[in-house]
Amino acid sequence: MKLGVVVPRYGTDVVGGIEHWLRLLCEHLVSLKGWDVDVFTTCAVSAATWADELPPGDTELEGVTVHRRRAVSGRDPRSGALNVLIRQNPAVVPDELAHRFVELVGPVCPDVLDDAARSDCDLVAVTPYLFWPAVQGVARLGRRVIFHSAAHDEPELHLPIMRDVFRAAGGFAYNSYSEQALVERTFPIAHLPAAVVGATVVEGSGDPDAARAALGLAPGERFVLCVGRVERAKGSHVLADLWRLYRLRRPHAPRLVLLGPVHEALGGDDDVVVAGRQPEGVKWGALQACEFVVTPSAWESFSLVVLEAWLAGAPVVVNHRCAATLEHCVRSGGGLAFHDYADFETVADRLLGDGALRERLVTNGRAYTRRVFNWPAIVDRYETLADRILTRVAVPATVPPG
Amino acid sequence: MATNDNGIPNSSDPMDLDRLIGELETDAARRRAEPGYPHDADARLHFELARQAPNPAGATPMRDVIAQLAEAVSDVGAPSTPGAGRSRRHQGHEVAQHLRRLEEQVKAAGLAAAGALAVVAGRLEQLEERVRHLEPRPEPEAPPSAATGSDALTAWQGRLADTLTPGERVLYAQSRADEVVAQLRSAGFDVYGITDAGSSHRPGPDVRFGEILTHLGAVEEGALGAVVLTGVPEAMTPRGIGPLVAALARATTSVVVISEAPWWWRLRVGTVEADLAEGRPLDPDTWLHAFHGVGMAGSVEYDPTGQSYRVVVRTRE
C-alpha cells in the first residue's frame, strides 16, 4: 500500500492538532504495517500565519517521504473579518464568498495538490476540512481520498461549498462517533466507507512534587486541574466562576489550577491559580498529582487531555454539552459530567471525598484508552478502512454526481 | 474484574456505574430544590455558553470588526467560479439582504463603516441582477426557519391581558400584530403594534418589522408601561439580546416575552436548521439573566404542553 497525505503542515516542529497526530499515524503505518507513505505539504510550521519556515524540497522523516512546497499565500488577517460575516448565517453564504474566505484562511498551495494528483499513491489522506488544501484537494483527488475532516459543529462546516467537498471523498476517518454522527447528518455521505479511527497520546512522565513547586502550590497541596488554552470558548472562565462559587460554599475545598497558555485574560486569586503555559514535565506531574481534571469546553472534536488524564491517574469531569468528551466518559466509565452547578457541586463533593471512586474511574478510563487508542489497534482500523475504500475505488461510480 | 487480551482490566460492571450516576443525579436534584441554591450561577453558566456558541468572535470590539470587514469585503471582487446554480443565486440574494440589514444596524450605531457595507451589498445585488438577466429567475425558496412566535402566541393570546395594567401605554411586537392589537384595544388597553409588513393601510401607529431597536431608542425614557414580545427574530437572538434588553429597560417598566420552548422548536425544525437559524428561541433562563442585569426581575411560566413559555419581568423596586 502506498499512502499519500495532504496536510497543511508537517514535521517534528509542528506541535498539537490533527497534523501532529497524523504524523504519528504515518510513522506507525510505516513501522507497523510496512506501508509506503508520501506526505505532500507546505513549508509552514504555524497555522496562525502559514509562513514558510522550513526549506522546500524532498526529505525523509522517520521512514516517511516528505515533499515540501512553498505556498502562494498564507493566512490573511482579513479572513477574520470575513469570518464574522460567515458566522451570521453560513448556510446562505454564496460560493464565491466562501471560496474567497478559504483562500484568505490559506495556505494556498497548488504545487502541493499537483504533486499529490500526479503521484502513484493508492489512497490519499487529506486533513483538515476547513483549509484550502482540503477544500480544493478532496474534489480533485476524489475517490482516492481518506478524509480526516476533524469536523466539529461550527459555522464553517455549514457553508454550502462544503457539501461538494464531503461528497467527493472516497471515505472518512473520524476521531469519534459524535464526529461521525455530525458529518453524516450534515452531508449525504453515510453510504461511503467510514471508521472511527480515533487518536492517541504519547504517555509522558513528570514529578508531582516538582509540578506543585512549579505551579506555586505548597508541598502535598491538593488541587483540581484544568489543562488547555485559557479562553472563553474553552470554558475556562465558566469553570473559574463555578469553582469560586464552590469554594464559597466549601471553604476547605482545594484550589483550581488552570494550566495552559492564556489567550483571554483571567485573573487568579485565592480560589483559582492561573499557571499559564508550562513544560510537558510539569503538565504530566500535575496530572499525576491532582484530585481530578475538569474539561469544561462544550466544543471539542476529540480532547487528548481526557486520555492523558486517565493515563496519568486522574479521573475527569466533562461538560455534558460536549459530545466528544461525554462520549469518552460514557464508553469508558472513566469520567462524570456536569450540566449545571448542582451537578458540578455533587460530582466535586463525591470525587474529593471518595478516593476509591477516583481510583475506579481512573482504572476504567485508563483501560479504555489503552484498549481503544493504542497504535496497533488504530493502524488495524485504518487498514480495514483503506481496504474498503480501495475496493470502492476499483468500481465505477453508480450514483451520478449532483 | 475481567481483563482484555493485554491483561488490562476492562471497565467495571456497567450496572454499578449506572447506579452511581443515578445517585449523583438524585443528589443534584435535591440540591437544586434547597433554599439558597445559587440559581443565578446556572443562569450565568447557560448564558455564557449561549454567548459562545456558535460565534467565538463575539469578544472582538465592534469597531475593529467593522474596520476589518470593510477592508476584507472590498477585496472579494467578481465571482471566481462561473456557472452558479439557481440555489446559489438565491442564496446570494439573501446575503445581499442580510448585508443591507447589517448596514442599517451599523448606521443606527453611528459607525463609519456603513458606506463600505453598502458598497458590498450593492455589489452583490448587481452581480445577482446580472445573473438574473442571463437565465430565467429561479423559483423562490423557503426562507431559513425562524421562530416567528405565532405558534407560541396561540397558547397565550387569551391571557395577554392578565399581565398588563389598564391605562399604561403598551407596545406589542409582533406576531399577528393587527389581530392582537385590535383585541387588546377592544379590551380597553392603550396599545400599538409592530407590523411585519410595514403596509401603510394597516391601522395604528405601526412600527415596521426590523425597527424595534430603533423605535425603543426613540421613545422617551419610561414612556411605556409594558412591551410584549412575541417573535422578533432579528432581536431575540444571542447577539441581539443585549441591545434589546438595554433598550427595553430604558423604555418600559415591564416586559412580557412569549416564545416557543427551545426543545420543541428544535424538534420541529431539525437540529441543523435549529442551530443555524437566526430566530432560534432562547432558554427562558437566558431572558431572566439578561433582564436581571438591567434591574428587572420576574418569572417563567410554561404552557401546559411545555411547548412554549412566557417570561414576565418588571423593574425591581
# chains A, B, ... in the order shown; residues from 1 in each chain; ligands from 1
$ interface_residues --of "chain A" --to "chain B" --cutoff "7 Å" --atoms "only C-alpha atoms" --output "PyMOL selection string"
chain A and resi 78+81-82+84+87+89+92-94+96-97+100+154-155+233+238+332-333+340-343+346-347+364+367
$ write_last_selection --atoms "N, CA and C atoms" --output "CSV table (one decimal), in the first residue's frame"
chain,number,residue,atom,x,y,z
A,78,ARG,N,-7.4,39.4,7.1
A,78,ARG,CA,-8.8,39.8,6.7
A,78,ARG,C,-9.7,38.6,6.7
A,81,ALA,N,-12.2,39.0,9.5
A,81,ALA,CA,-13.3,39.8,9.3
A,81,ALA,C,-14.4,39.1,8.4
A,82,LEU,N,-14.0,38.4,7.4
A,82,LEU,CA,-15.0,37.7,6.6
A,82,LEU,C,-15.7,36.6,7.5
A,84,VAL,N,-16.5,36.8,10.5
A,84,VAL,CA,-17.6,37.4,11.2
A,84,VAL,C,-18.9,37.4,10.4
A,87,ARG,N,-20.2,33.7,9.9
A,87,ARG,CA,-20.8,33.1,11.1
A,87,ARG,C,-22.2,33.5,11.3
A,89,ASN,N,-24.8,33.5,9.3
A,89,ASN,CA,-25.7,32.6,8.7
A,89,ASN,C,-24.9,31.8,7.6
A,92,VAL,N,-26.3,30.4,3.9
A,92,VAL,CA,-26.7,31.2,2.8
A,92,VAL,C,-25.5,32.0,2.2
A,93,VAL,N,-24.3,31.6,2.6
A,93,VAL,CA,-23.1,32.3,2.0
A,93,VAL,C,-22.9,31.9,0.6
A,94,PRO,N,-22.8,32.8,-0.4
A,94,PRO,CA,-22.5,32.4,-1.8
A,94,PRO,C,-21.2,31.7,-1.9
A,96,GLU,N,-18.9,32.1,-4.1
A,96,GLU,CA,-17.8,33.0,-4.4
A,96,GLU,C,-17.2,33.5,-3.1
A,97,LEU,N,-18.0,33.9,-2.2
A,97,LEU,CA,-17.6,34.5,-0.9
A,97,LEU,C,-16.9,33.4,0.0
A,100,ARG,N,-13.5,32.6,-1.4
A,100,ARG,CA,-12.6,33.7,-1.1
A,100,ARG,C,-12.2,33.6,0.4
A,154,GLU,N,-19.3,23.7,13.9
A,154,GLU,CA,-19.0,25.2,13.8
A,154,GLU,C,-19.6,25.7,12.5
A,155,PRO,N,-19.8,27.0,12.5
A,155,PRO,CA,-20.5,27.6,11.3
A,155,PRO,C,-19.8,27.2,10.0
A,233,ALA,N,-14.1,30.4,24.9
A,233,ALA,CA,-14.6,29.3,24.1
A,233,ALA,C,-14.3,27.9,24.6
A,238,VAL,N,-16.0,30.1,32.6
A,238,VAL,CA,-17.1,29.5,33.3
A,238,VAL,C,-16.7,28.6,34.4
A,332,SER,N,-16.1,4.6,28.4
A,332,SER,CA,-15.1,4.1,29.3
A,332,SER,C,-15.6,3.8,30.7
A,333,GLY,N,-16.6,4.6,31.1
A,333,GLY,CA,-16.9,4.6,32.6
A,333,GLY,C,-15.8,5.3,33.4
A,340,ASP,N,-25.1,21.6,35.1
A,340,ASP,CA,-25.3,22.9,35.8
A,340,ASP,C,-24.5,22.8,37.1
A,341,TYR,N,-24.7,23.9,37.9
A,341,TYR,CA,-23.9,23.9,39.2
A,341,TYR,C,-24.2,22.8,40.1
A,342,ALA,N,-25.5,22.4,40.2
A,342,ALA,CA,-25.9,21.3,41.1
A,342,ALA,C,-25.1,20.0,40.7
A,343,ASP,N,-25.0,19.7,39.5
A,343,ASP,CA,-24.2,18.5,39.0
A,343,ASP,C,-22.8,18.7,39.4
A,346,THR,N,-22.2,18.4,43.1
A,346,THR,CA,-22.4,17.0,43.6
A,346,THR,C,-21.2,16.1,43.1
A,347,VAL,N,-20.8,16.3,41.9
A,347,VAL,CA,-19.6,15.5,41.4
A,347,VAL,C,-18.3,15.8,42.1
A,364,ASN,N,-11.0,2.5,34.9
A,364,ASN,CA,-11.9,2.3,33.7
A,364,ASN,C,-11.3,3.2,32.5
A,367,ALA,N,-8.0,1.8,31.1
A,367,ALA,CA,-8.2,0.6,30.3
A,367,ALA,C,-8.8,0.9,28.9
$ residues_around --residues "Cys329 in chain A" --least-positions-apart "3" --cutoff "10 Å" --atoms "only C-alpha atoms" --output "ChimeraX atom specification"
/A:306,315-318,324-326,332-337,361,364-365,368
$ write_last_selection --atoms "C-alpha atoms" --output "PDB file, in the first residue's frame"
ATOM      1  CA  VAL A 306      -9.030  13.405  28.758  1.00  0.00           C
ATOM      2  CA  PRO A 315     -10.410  10.950  36.806  1.00  0.00           C
ATOM      3  CA  VAL A 316     -12.122  13.518  34.615  1.00  0.00           C
ATOM      4  CA  VAL A 317     -15.186  15.722  34.807  1.00  0.00           C
ATOM      5  CA  VAL A 318     -16.530  16.958  31.473  1.00  0.00           C
ATOM      6  CA  ALA A 324     -16.796  14.128  22.156  1.00  0.00           C
ATOM      7  CA  THR A 325     -15.681  14.225  25.793  1.00  0.00           C
ATOM      8  CA  LEU A 326     -19.001  12.850  27.006  1.00  0.00           C
ATOM      9  CA  SER A 332     -15.108   4.083  29.299  1.00  0.00           C
ATOM     10  CA  GLY A 333     -16.948   4.633  32.556  1.00  0.00           C
ATOM     11  CA  GLY A 334     -13.964   6.763  33.488  1.00  0.00           C
ATOM     12  CA  GLY A 335     -15.489  10.181  33.977  1.00  0.00           C
ATOM     13  CA  LEU A 336     -18.501  12.149  35.131  1.00  0.00           C
ATOM     14  CA  ALA A 337     -20.303  15.093  33.564  1.00  0.00           C
ATOM     15  CA  LEU A 361     -12.847   5.803  37.372  1.00  0.00           C
ATOM     16  CA  ASN A 364     -11.879   2.341  33.684  1.00  0.00           C
ATOM     17  CA  GLY A 365     -10.568   5.319  31.746  1.00  0.00           C
ATOM     18  CA  TYR A 368     -10.404   2.265  27.666  1.00  0.00           C
TER      19      TYR A 368
END
$ residues_around --residues "Val257 in chain B" --least-positions-apart "5" --cutoff "7 Å" --atoms "only C-alpha atoms" --output "list of chain:residue names"
B:Val228, B:Leu229, B:Thr230, B:Arg310, B:Val311, B:Val312
$ residues_around --residues "Ala289 in chain A" --least-positions-apart "6" --cutoff "9 Å" --atoms "only C-alpha atoms" --output "number ranges by chain"
A: 207-209, 211-212, 220-223, 312-314
$ closest_residue --among "B:Thr214, B:Ser259, B:Thr154, B:Ser254" --to "Val180 in chain B" --atoms "only C-alpha atoms"
B:Thr154
$ atom_distance --atom1 "CA of Thr200 in chain A" --atom2 "CA of Phe373 in chain A"
5.1 Å
$ residues_around --residues "Pro107 in chain A" --least-positions-apart "6" --cutoff "6 Å" --atoms "only C-alpha atoms" --output "list in words"
Ser73, Gly74 and Trp132 of chain A
$ write_last_selection --atoms "N, CA and C atoms" --output "PDB file, in the first residue's frame"
ATOM      1  N   SER A  73       0.163  31.753  -0.900  1.00  0.00           N
ATOM      2  CA  SER A  73      -0.212  32.732   0.123  1.00  0.00           C
ATOM      3  C   SER A  73      -0.535  32.010   1.416  1.00  0.00           C
ATOM      4  N   GLY A  74      -0.354  32.719   2.523  1.00  0.00           N
ATOM      5  CA  GLY A  74      -0.622  32.155   3.842  1.00  0.00           C
ATOM      6  C   GLY A  74      -1.932  32.659   4.395  1.00  0.00           C
ATOM      7  N   TRP A 132      -7.541  25.422   2.777  1.00  0.00           N
ATOM      8  CA  TRP A 132      -7.527  25.422   1.315  1.00  0.00           C
ATOM      9  C   TRP A 132      -7.127  24.069   0.724  1.00  0.00           C
TER      10      TRP A 132
END
$ atom_distance --atom1 "CA of Glu300 in chain A" --atom2 "CA of Tyr177 in chain A"
12.7 Å
$ residues_around --residues "Met236 in chain B" --least-positions-apart "5" --cutoff "8 Å" --atoms "only C-alpha atoms" --output "mmCIF file with C-alpha atoms, in the first residue's frame"
data_model
loop_
_atom_site.group_PDB
_atom_site.id
_atom_site.type_symbol
_atom_site.label_atom_id
_atom_site.label_comp_id
_atom_site.auth_asym_id
_atom_site.auth_seq_id
_atom_site.Cartn_x
_atom_site.Cartn_y
_atom_site.Cartn_z
ATOM 1 C CA GLY B 231 -41.493 36.561 17.860
ATOM 2 C CA ILE B 241 -30.499 40.131 23.359
ATOM 3 C CA LEU B 244 -32.673 44.632 23.116
ATOM 4 C CA GLY B 279 -34.648 33.129 15.108
ATOM 5 C CA ARG B 280 -33.731 30.292 17.441
ATOM 6 C CA PRO B 281 -35.703 30.575 20.682
ATOM 7 C CA LEU B 282 -33.708 31.352 23.784
#
$ closest_residue --among "B:Trp156, B:Gly36, B:Arg316, B:Gly167" --to "Glu301 in chain B" --atoms "only C-alpha atoms"
B:Trp156
$ select_by_dssp --residues "range 164-317 of chain A" --states "strand (DSSP E)" --output "list of chain:residue names"
A:Gly171, A:Phe172, A:Ala173, A:Tyr174, A:Ala194, A:Ala195, A:Val196, A:Phe223, A:Val224, A:Leu225, A:Cys226, A:Val227, A:Arg255, A:Leu256, A:Val257, A:Leu258, A:Leu259, A:Val272, A:Val273, A:Val274, A:Ala275, A:Gly276, A:Val293, A:Val294, A:Thr295, A:Val316, A:Val317
$ residues_around --residues "Ala218 in chain B" --least-positions-apart "4" --cutoff "12 Å" --atoms "only C-alpha atoms" --output "PyMOL selection string"
chain B and resi 108+207+211-214+222-224+247-248+250-251
$ write_last_selection --atoms "N, CA and C atoms" --output "compact mmCIF listing (two decimals), in the first residue's frame"
# COMPACT_ATOMS: atom_id res chain seq x y z
N ALA B 108 -27.40 52.70 12.47
CA ALA B 108 -28.06 53.05 13.73
C ALA B 108 -27.06 53.23 14.85
N VAL B 207 -44.99 50.35 13.91
CA VAL B 207 -43.54 50.36 13.71
C VAL B 207 -43.24 49.24 12.74
N GLU B 211 -37.44 47.23 13.01
CA GLU B 211 -37.07 48.54 13.54
C GLU B 211 -37.30 48.66 15.04
N ILE B 212 -37.46 47.54 15.71
CA ILE B 212 -37.84 47.64 17.12
C ILE B 212 -36.77 48.33 17.95
N LEU B 213 -35.50 48.03 17.68
CA LEU B 213 -34.44 48.67 18.46
C LEU B 213 -34.42 50.17 18.22
N THR B 214 -34.53 50.55 16.97
CA THR B 214 -34.55 51.98 16.65
C THR B 214 -35.73 52.66 17.33
N GLY B 222 -38.91 55.62 29.84
CA GLY B 222 -40.04 55.28 30.70
C GLY B 222 -41.39 55.57 30.10
N ALA B 223 -41.45 55.79 28.79
CA ALA B 223 -42.71 56.18 28.16
C ALA B 223 -43.71 55.04 28.10
N LEU B 224 -43.23 53.81 28.17
CA LEU B 224 -44.12 52.67 28.00
C LEU B 224 -44.37 51.98 29.34
N ALA B 247 -32.40 48.40 25.68
CA ALA B 247 -33.39 49.34 25.15
C ALA B 247 -34.72 49.20 25.88
N LEU B 248 -35.08 47.97 26.20
CA LEU B 248 -36.34 47.74 26.92
C LEU B 248 -36.30 48.36 28.31
N ARG B 250 -34.75 50.85 29.30
CA ARG B 250 -34.84 52.31 29.25
C ARG B 250 -36.27 52.77 28.97
N ALA B 251 -36.96 51.99 28.12
CA ALA B 251 -38.24 52.48 27.60
C ALA B 251 -39.45 52.06 28.43
$ closest_residue --among "A:Gly204, A:Gly80, A:Gly170, A:Gly198" --to "Gln288 in chain A" --atoms "only C-alpha atoms"
A:Gly204
$ atom_distance --atom1 "CA of Phe291 in chain B" --atom2 "CA of Val255 in chain B"
9.3 Å
$ decode --residues "range 233-259 of chain B" --atoms "N, CA and C atoms" --output "PDB file, in the first residue's frame"
ATOM      1  N   PRO B 233     -37.622  37.891  15.518  1.00  0.00           N
ATOM      2  CA  PRO B 233     -36.452  37.052  15.260  1.00  0.00           C
ATOM      3  C   PRO B 233     -35.135  37.814  15.165  1.00  0.00           C
ATOM      4  N   GLU B 234     -35.186  39.037  14.632  1.00  0.00           N
ATOM      5  CA  GLU B 234     -33.920  39.740  14.450  1.00  0.00           C
ATOM      6  C   GLU B 234     -33.353  40.243  15.774  1.00  0.00           C
ATOM      7  N   ALA B 235     -34.173  40.305  16.815  1.00  0.00           N
ATOM      8  CA  ALA B 235     -33.678  40.832  18.088  1.00  0.00           C
ATOM      9  C   ALA B 235     -33.577  39.767  19.171  1.00  0.00           C
ATOM     10  N   MET B 236     -34.371  38.699  19.046  1.00  0.00           N
ATOM     11  CA  MET B 236     -34.386  37.687  20.105  1.00  0.00           C
ATOM     12  C   MET B 236     -33.347  36.611  19.809  1.00  0.00           C
ATOM     13  N   THR B 237     -32.094  37.010  19.766  1.00  0.00           N
ATOM     14  CA  THR B 237     -31.002  36.100  19.437  1.00  0.00           C
ATOM     15  C   THR B 237     -29.898  36.284  20.455  1.00  0.00           C
ATOM     16  N   PRO B 238     -28.935  35.359  20.504  1.00  0.00           N
ATOM     17  CA  PRO B 238     -27.813  35.541  21.438  1.00  0.00           C
ATOM     18  C   PRO B 238     -27.099  36.864  21.234  1.00  0.00           C
ATOM     19  N   ARG B 239     -26.982  37.294  19.987  1.00  0.00           N
ATOM     20  CA  ARG B 239     -26.283  38.554  19.750  1.00  0.00           C
ATOM     21  C   ARG B 239     -27.200  39.756  19.929  1.00  0.00           C
ATOM     22  N   GLY B 240     -28.513  39.532  19.728  1.00  0.00           N
ATOM     23  CA  GLY B 240     -29.419  40.670  19.788  1.00  0.00           C
ATOM     24  C   GLY B 240     -29.944  40.957  21.175  1.00  0.00           C
ATOM     25  N   ILE B 241     -29.820  39.996  22.072  1.00  0.00           N
ATOM     26  CA  ILE B 241     -30.499  40.131  23.359  1.00  0.00           C
ATOM     27  C   ILE B 241     -29.922  41.270  24.204  1.00  0.00           C
ATOM     28  N   GLY B 242     -28.626  41.491  24.125  1.00  0.00           N
ATOM     29  CA  GLY B 242     -28.009  42.551  24.931  1.00  0.00           C
ATOM     30  C   GLY B 242     -28.568  43.922  24.604  1.00  0.00           C
ATOM     31  N   PRO B 243     -28.452  44.362  23.341  1.00  0.00           N
ATOM     32  CA  PRO B 243     -29.018  45.669  22.984  1.00  0.00           C
ATOM     33  C   PRO B 243     -30.523  45.737  23.211  1.00  0.00           C
ATOM     34  N   LEU B 244     -31.223  44.622  22.955  1.00  0.00           N
ATOM     35  CA  LEU B 244     -32.673  44.632  23.116  1.00  0.00           C
ATOM     36  C   LEU B 244     -33.056  44.865  24.574  1.00  0.00           C
ATOM     37  N   VAL B 245     -32.428  44.127  25.472  1.00  0.00           N
ATOM     38  CA  VAL B 245     -32.762  44.252  26.886  1.00  0.00           C
ATOM     39  C   VAL B 245     -32.412  45.650  27.405  1.00  0.00           C
ATOM     40  N   ALA B 246     -31.291  46.176  26.968  1.00  0.00           N
ATOM     41  CA  ALA B 246     -30.906  47.528  27.393  1.00  0.00           C
ATOM     42  C   ALA B 246     -31.943  48.550  26.925  1.00  0.00           C
ATOM     43  N   ALA B 247     -32.400  48.397  25.684  1.00  0.00           N
ATOM     44  CA  ALA B 247     -33.388  49.343  25.154  1.00  0.00           C
ATOM     45  C   ALA B 247     -34.718  49.200  25.880  1.00  0.00           C
ATOM     46  N   LEU B 248     -35.081  47.967  26.202  1.00  0.00           N
ATOM     47  CA  LEU B 248     -36.342  47.739  26.916  1.00  0.00           C
ATOM     48  C   LEU B 248     -36.295  48.360  28.309  1.00  0.00           C
ATOM     49  N   ALA B 249     -35.169  48.176  28.992  1.00  0.00           N
ATOM     50  CA  ALA B 249     -35.059  48.698  30.355  1.00  0.00           C
ATOM     51  C   ALA B 249     -35.185  50.215  30.384  1.00  0.00           C
ATOM     52  N   ARG B 250     -34.752  50.849  29.302  1.00  0.00           N
ATOM     53  CA  ARG B 250     -34.835  52.306  29.248  1.00  0.00           C
ATOM     54  C   ARG B 250     -36.267  52.769  28.965  1.00  0.00           C
ATOM     55  N   ALA B 251     -36.963  51.987  28.118  1.00  0.00           N
ATOM     56  CA  ALA B 251     -38.237  52.477  27.604  1.00  0.00           C
ATOM     57  C   ALA B 251     -39.446  52.061  28.429  1.00  0.00           C
ATOM     58  N   THR B 252     -39.327  50.958  29.185  1.00  0.00           N
ATOM     59  CA  THR B 252     -40.537  50.419  29.803  1.00  0.00           C
ATOM     60  C   THR B 252     -40.254  49.904  31.209  1.00  0.00           C
ATOM     61  N   THR B 253     -41.338  49.713  31.963  1.00  0.00           N
ATOM     62  CA  THR B 253     -41.164  49.182  33.316  1.00  0.00           C
ATOM     63  C   THR B 253     -41.517  47.709  33.408  1.00  0.00           C
ATOM     64  N   SER B 254     -42.137  47.163  32.353  1.00  0.00           N
ATOM     65  CA  SER B 254     -42.398  45.722  32.383  1.00  0.00           C
ATOM     66  C   SER B 254     -42.324  45.151  30.972  1.00  0.00           C
ATOM     67  N   VAL B 255     -41.979  43.873  30.909  1.00  0.00           N
ATOM     68  CA  VAL B 255     -41.809  43.198  29.626  1.00  0.00           C
ATOM     69  C   VAL B 255     -42.442  41.817  29.716  1.00  0.00           C
ATOM     70  N   VAL B 256     -43.107  41.433  28.649  1.00  0.00           N
ATOM     71  CA  VAL B 256     -43.630  40.065  28.537  1.00  0.00           C
ATOM     72  C   VAL B 256     -43.003  39.444  27.300  1.00  0.00           C
ATOM     73  N   VAL B 257     -42.335  38.314  27.459  1.00  0.00           N
ATOM     74  CA  VAL B 257     -41.734  37.606  26.331  1.00  0.00           C
ATOM     75  C   VAL B 257     -42.493  36.302  26.142  1.00  0.00           C
ATOM     76  N   ILE B 258     -42.992  36.086  24.936  1.00  0.00           N
ATOM     77  CA  ILE B 258     -43.674  34.819  24.633  1.00  0.00           C
ATOM     78  C   ILE B 258     -42.881  34.120  23.536  1.00  0.00           C
ATOM     79  N   SER B 259     -42.542  32.887  23.776  1.00  0.00           N
ATOM     80  CA  SER B 259     -41.657  32.196  22.828  1.00  0.00           C
ATOM     81  C   SER B 259     -41.944  30.709  22.836  1.00  0.00           C
TER      82      SER B 259
END
